[in-house]
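**Student:** One structure is given below, represented as structure tokens, and several questions about it will come after.
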Amino acid sequence: MGRFPQSRGRKGSKKWIQTLINEQPELLTTRIKANFGFDQSESICWLSPLEEDCYAEYRDQAFLKRLDVSLDKVPLAEFWPRGGPQWDALGRSSENRVFLIEGKSHISELVSSLRAKDQKSREKVLKSLECAKRSFGSSVGSDWSSPYYQYANRLAHLFLLRELNCVAAYLVFVYFTNDIGMGGPKTAVEWKSELERVHSHLGIGRHSLEKFVSDIFIDVGRLAMQYYNNLSRAHG
């Protein structure tokens, strides 16, 4: 439960995250180390989505197990109902930092709303979002349930790991540019303009967790050649 094997991505962020992790992991690792100011000697072992693991993605207790993380102070089940975020990629560094990765190829992927299966689950999610808001400097009146719920619940899980359980967790949003097939943004500037809207709606300004969150922009042109070369080899 909580492990979800995937097909080989043929388009969009699924395709490019798989390509990045399996074929050019150092590109992501290097950007992360630069953005967070880590020593260059630190290495990151990428744990998902791996080709040898059926490109599986993880959620709920399975993502914690994959990262070898134990939440001893506030358990995941106390904070969030089953069916939580399914992480696009997971990694752990030689310094025992853990990385939660969310990838996006086009702007419409930013939009989502809370759709809890039952009232009890909905209430638990809303309560936890309210708790997380304080650490992100968001006002009580800001709506984290729509239309940027997915972004908000990723922030909430960083709050759970780092603030409530003292886990050395980092949240990385990977935004792909020049994904022509998906009609996505061509530049980081376009993405940043949309992200300003997201932050404004969520009421996010300066906050205590900002040094543990990073946006990384990657041109798919750097990944495409490797992807198509590997695809050709796979098909003989």
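FYI, nothing fancy with the structure tokens labels: chains A, B, ... in order, residues from 1 per chain, ligands from 1 as they appear.
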Leaving out segment 100-110 of chain A and any residue of its chain fewer than 4 positions from it, which residues lie within 9 Å of it when counting only C-alpha atoms, given as number ranges by chain?
**Tutor:** A: 12-14, 16-17, 87-91, 147-151, 154, 158, 169-179, 182-185, 191, 194-195, 198
**Student:** Can you list, as a list of chain:residue names, every protein, DNA or RNA residue that comes within 10 Å of Glu42 of chain A when you count only C-alpha atoms, leaving out same-chain residues fewer than 3 positions away?
**Tutor:** A:Thr29, A:Thr30, A:Lys33, A:Phe38, A:Asp39, A:Ser93, A:Ser94, A:Glu95, A:Asn96, A:Arg97
**Student:** With N, CA and C atoms retained, write the just-selected residues as an mmCIF file, in the first residue's frame.
**Tutor:**
data_model
loop_
_atom_site.group_PDB
_atom_site.id
_atom_site.type_symbol
_atom_site.label_atom_id
_atom_site.label_comp_id
_atom_site.auth_asym_id
_atom_site.auth_seq_id
_atom_site.Cartn_x
_atom_site.Cartn_y
_atom_site.Cartn_z
ATOM 1 N N THR A 29 20.678 17.144 -8.759
ATOM 2 C CA THR A 29 21.505 17.183 -7.546
ATOM 3 C C THR A 29 22.331 18.455 -7.474
ATOM 4 N N THR A 30 22.943 18.820 -8.590
ATOM 5 C CA THR A 30 23.783 20.026 -8.631
ATOM 6 C C THR A 30 22.964 21.280 -8.360
ATOM 7 N N LYS A 33 22.011 21.425 -4.593
ATOM 8 C CA LYS A 33 23.140 21.811 -3.742
ATOM 9 C C LYS A 33 23.441 23.299 -3.870
ATOM 10 N N PHE A 38 24.553 23.727 -0.116
ATOM 11 C CA PHE A 38 25.212 22.543 0.448
ATOM 12 C C PHE A 38 26.634 22.424 -0.081
ATOM 13 N N ASP A 39 27.462 21.741 0.676
ATOM 14 C CA ASP A 39 28.821 21.458 0.236
ATOM 15 C C ASP A 39 28.782 20.572 -1.005
ATOM 16 N N SER A 93 20.193 12.304 1.137
ATOM 17 C CA SER A 93 21.585 12.674 0.906
ATOM 18 C C SER A 93 22.539 11.972 1.862
ATOM 19 N N SER A 94 23.813 12.114 1.558
ATOM 20 C CA SER A 94 24.871 11.529 2.391
ATOM 21 C C SER A 94 24.929 12.195 3.764
ATOM 22 N N GLU A 95 24.274 13.359 3.901
ATOM 23 C CA GLU A 95 24.195 14.060 5.182
ATOM 24 C C GLU A 95 22.849 13.820 5.864
ATOM 25 N N ASN A 96 22.125 12.798 5.380
ATOM 26 C CA ASN A 96 20.831 12.403 5.948
ATOM 27 C C ASN A 96 19.743 13.476 5.825
ATOM 28 N N ARG A 97 19.853 14.281 4.795
ATOM 29 C CA ARG A 97 18.746 15.179 4.454
ATOM 30 C C ARG A 97 17.810 14.402 3.526
#
**Student:** Using only C-alpha atoms, which residue out of A:His157, A:Lys133, A:Arg122, A:Lys15 lies closest to Val74 of chain A?
**Tutor:**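 That would be A:His157, the residue with the smallest distance to Val74 of chain A.
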**Student:** Measuring between only C-alpha atoms, which one of A:Pro25, A:Pro49, A:Gly2, A:Pro75 shows the shortest distance to Asn165 of chain A?
**Tutor:**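 Distance minimum relative to Asn165 of chain A lands on A:Pro75.
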**Student:** According to DSSP computed on the backbone, where in segment 14-228 of chain A is there helix (DSSP H, G or I)? Give the residues as a ChimeraX atom specification.
**Tutor:** /A:14-23,25-36,51-53,60-67,76-79,107-110,119-135,149-164,180-182,188-202,210-212,221-228
**Student:** Keeping only C-alpha atoms, write the selected residues to a file as an mmCIF file, in the first residue's frame.
**Tutor:**
data_model
loop_
_atom_site.group_PDB
_atom_site.id
_atom_site.type_symbol
_atom_site.label_atom_id
_atom_site.label_comp_id
_atom_site.auth_asym_id
_atom_site.auth_seq_id
_atom_site.Cartn_x
_atom_site.Cartn_y
_atom_site.Cartn_z
ATOM 1 C CA LYS A 14 5.933 12.504 -15.548
ATOM 2 C CA LYS A 15 8.181 11.941 -18.568
ATOM 3 C CA TRP A 16 10.715 14.573 -17.580
ATOM 4 C CA ILE A 17 10.926 13.691 -13.887
ATOM 5 C CA GLN A 18 11.580 10.063 -14.813
ATOM 6 C CA THR A 19 14.215 11.165 -17.324
ATOM 7 C CA LEU A 20 15.826 13.533 -14.841
ATOM 8 C CA ILE A 21 16.054 11.003 -12.007
ATOM 9 C CA ASN A 22 17.126 8.003 -14.074
ATOM 10 C CA GLU A 23 19.270 9.534 -16.796
ATOM 11 C CA PRO A 25 20.278 12.835 -11.777
ATOM 12 C CA GLU A 26 23.380 14.986 -11.332
ATOM 13 C CA LEU A 27 21.595 17.879 -13.037
ATOM 14 C CA LEU A 28 18.991 17.954 -10.274
ATOM 15 C CA THR A 29 21.505 17.183 -7.546
ATOM 16 C CA THR A 30 23.783 20.026 -8.631
ATOM 17 C CA ARG A 31 20.910 22.540 -8.750
ATOM 18 C CA ILE A 32 19.695 21.489 -5.305
ATOM 19 C CA LYS A 33 23.140 21.811 -3.742
ATOM 20 C CA ALA A 34 23.591 25.253 -5.284
ATOM 21 C CA ASN A 35 20.146 26.524 -4.265
ATOM 22 C CA PHE A 36 20.429 25.365 -0.667
ATOM 23 C CA GLU A 51 13.380 2.364 -13.649
ATOM 24 C CA GLU A 52 14.367 -0.757 -11.710
ATOM 25 C CA ASP A 53 11.463 -0.105 -9.325
ATOM 26 C CA ASP A 60 1.310 7.759 2.829
ATOM 27 C CA GLN A 61 3.478 5.580 5.102
ATOM 28 C CA ALA A 62 5.242 4.110 2.074
ATOM 29 C CA PHE A 63 6.964 7.405 1.218
ATOM 30 C CA LEU A 64 8.311 7.656 4.767
ATOM 31 C CA LYS A 65 9.541 4.072 4.639
ATOM 32 C CA ARG A 66 11.204 4.737 1.275
ATOM 33 C CA LEU A 67 13.037 7.692 2.818
ATOM 34 C CA LEU A 76 1.540 10.920 9.700
ATOM 35 C CA ALA A 77 -1.808 9.261 10.490
ATOM 36 C CA GLU A 78 -2.463 11.869 13.174
ATOM 37 C CA PHE A 79 -1.745 14.718 10.776
ATOM 38 C CA ILE A 107 0.509 25.989 -15.645
ATOM 39 C CA SER A 108 -2.789 24.127 -15.394
ATOM 40 C CA GLU A 109 -1.000 21.537 -13.211
ATOM 41 C CA LEU A 110 -0.879 24.167 -10.465
ATOM 42 C CA GLN A 119 -16.130 14.585 6.264
ATOM 43 C CA LYS A 120 -13.751 13.252 8.905
ATOM 44 C CA SER A 121 -10.869 13.209 6.423
ATOM 45 C CA ARG A 122 -11.750 16.668 5.189
ATOM 46 C CA GLU A 123 -11.767 18.053 8.718
ATOM 47 C CA LYS A 124 -8.368 16.497 9.469
ATOM 48 C CA VAL A 125 -6.865 18.005 6.312
ATOM 49 C CA LEU A 126 -8.315 21.457 6.989
ATOM 50 C CA LYS A 127 -7.092 21.389 10.588
ATOM 51 C CA SER A 128 -3.565 20.482 9.495
ATOM 52 C CA LEU A 129 -3.547 23.122 6.768
ATOM 53 C CA GLU A 130 -4.508 25.706 9.368
ATOM 54 C CA CYS A 131 -1.631 24.595 11.595
ATOM 55 C CA ALA A 132 0.831 24.770 8.713
ATOM 56 C CA LYS A 133 -0.290 28.249 7.653
ATOM 57 C CA ARG A 134 1.309 29.865 10.682
ATOM 58 C CA SER A 135 4.774 28.650 9.723
ATOM 59 C CA TYR A 149 -4.533 22.785 -2.819
ATOM 60 C CA GLN A 150 -1.775 20.520 -4.130
ATOM 61 C CA TYR A 151 0.861 23.192 -3.612
ATOM 62 C CA ALA A 152 -0.516 23.836 -0.127
ATOM 63 C CA ASN A 153 -0.553 20.201 0.933
ATOM 64 C CA ARG A 154 3.081 19.816 -0.119
ATOM 65 C CA LEU A 155 3.964 22.745 2.130
ATOM 66 C CA ALA A 156 1.943 21.150 4.929
ATOM 67 C CA HIS A 157 3.947 17.929 4.676
ATOM 68 C CA LEU A 158 7.216 19.842 4.877
ATOM 69 C CA PHE A 159 5.816 21.444 8.041
ATOM 70 C CA LEU A 160 4.957 17.992 9.412
ATOM 71 C CA LEU A 161 8.408 16.585 8.788
ATOM 72 C CA ARG A 162 10.582 19.540 9.668
ATOM 73 C CA GLU A 163 8.730 21.520 12.330
ATOM 74 C CA LEU A 164 6.634 18.874 14.045
ATOM 75 C CA ILE A 180 6.299 22.366 -26.352
ATOM 76 C CA GLY A 181 4.163 19.231 -26.395
ATOM 77 C CA MET A 182 2.342 20.394 -23.269
ATOM 78 C CA ALA A 188 11.480 30.666 -15.772
ATOM 79 C CA VAL A 189 10.073 34.205 -15.794
ATOM 80 C CA GLU A 190 6.707 32.884 -16.972
ATOM 81 C CA TRP A 191 6.652 30.308 -14.205
ATOM 82 C CA LYS A 192 7.647 32.880 -11.592
ATOM 83 C CA SER A 193 4.793 35.145 -12.636
ATOM 84 C CA GLU A 194 2.299 32.320 -12.044
ATOM 85 C CA LEU A 195 3.939 31.358 -8.771
ATOM 86 C CA GLU A 196 3.509 34.912 -7.517
ATOM 87 C CA ARG A 197 -0.238 34.415 -7.987
ATOM 88 C CA VAL A 198 -0.097 31.148 -6.078
ATOM 89 C CA HIS A 199 1.797 32.706 -3.183
ATOM 90 C CA SER A 200 -0.503 35.716 -3.137
ATOM 91 C CA HIS A 201 -3.617 33.544 -2.946
ATOM 92 C CA LEU A 202 -2.114 31.394 -0.176
ATOM 93 C CA GLU A 210 11.560 29.399 3.311
ATOM 94 C CA LYS A 211 15.182 28.258 3.456
ATOM 95 C CA PHE A 212 13.941 24.670 3.134
ATOM 96 C CA GLY A 221 15.902 20.574 -24.175
ATOM 97 C CA ARG A 222 18.640 19.436 -21.785
ATOM 98 C CA LEU A 223 16.749 16.203 -21.156
ATOM 99 C CA ALA A 224 15.141 15.441 -24.518
ATOM 100 C CA MET A 225 18.189 14.088 -26.345
ATOM 101 C CA GLN A 226 18.965 11.615 -23.572
ATOM 102 C CA TYR A 227 15.317 10.560 -23.390
ATOM 103 C CA TYR A 228 15.022 9.816 -27.103
#
**Student:** Closest to Ser7 of chain A among A:Cys54, A:His207, A:Asp68, A:Phe217, using only C-alpha atoms?
**Tutor:**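 Nearest to Ser7 of chain A: A:Cys54.
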**Student:** Calculate how many Å separate atom CA of Trp46 of chain A from atom CA of Gln24 of chain A, rounding to one decimal.
**Tutor:**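 These two atoms are separated by 11.0 Å.
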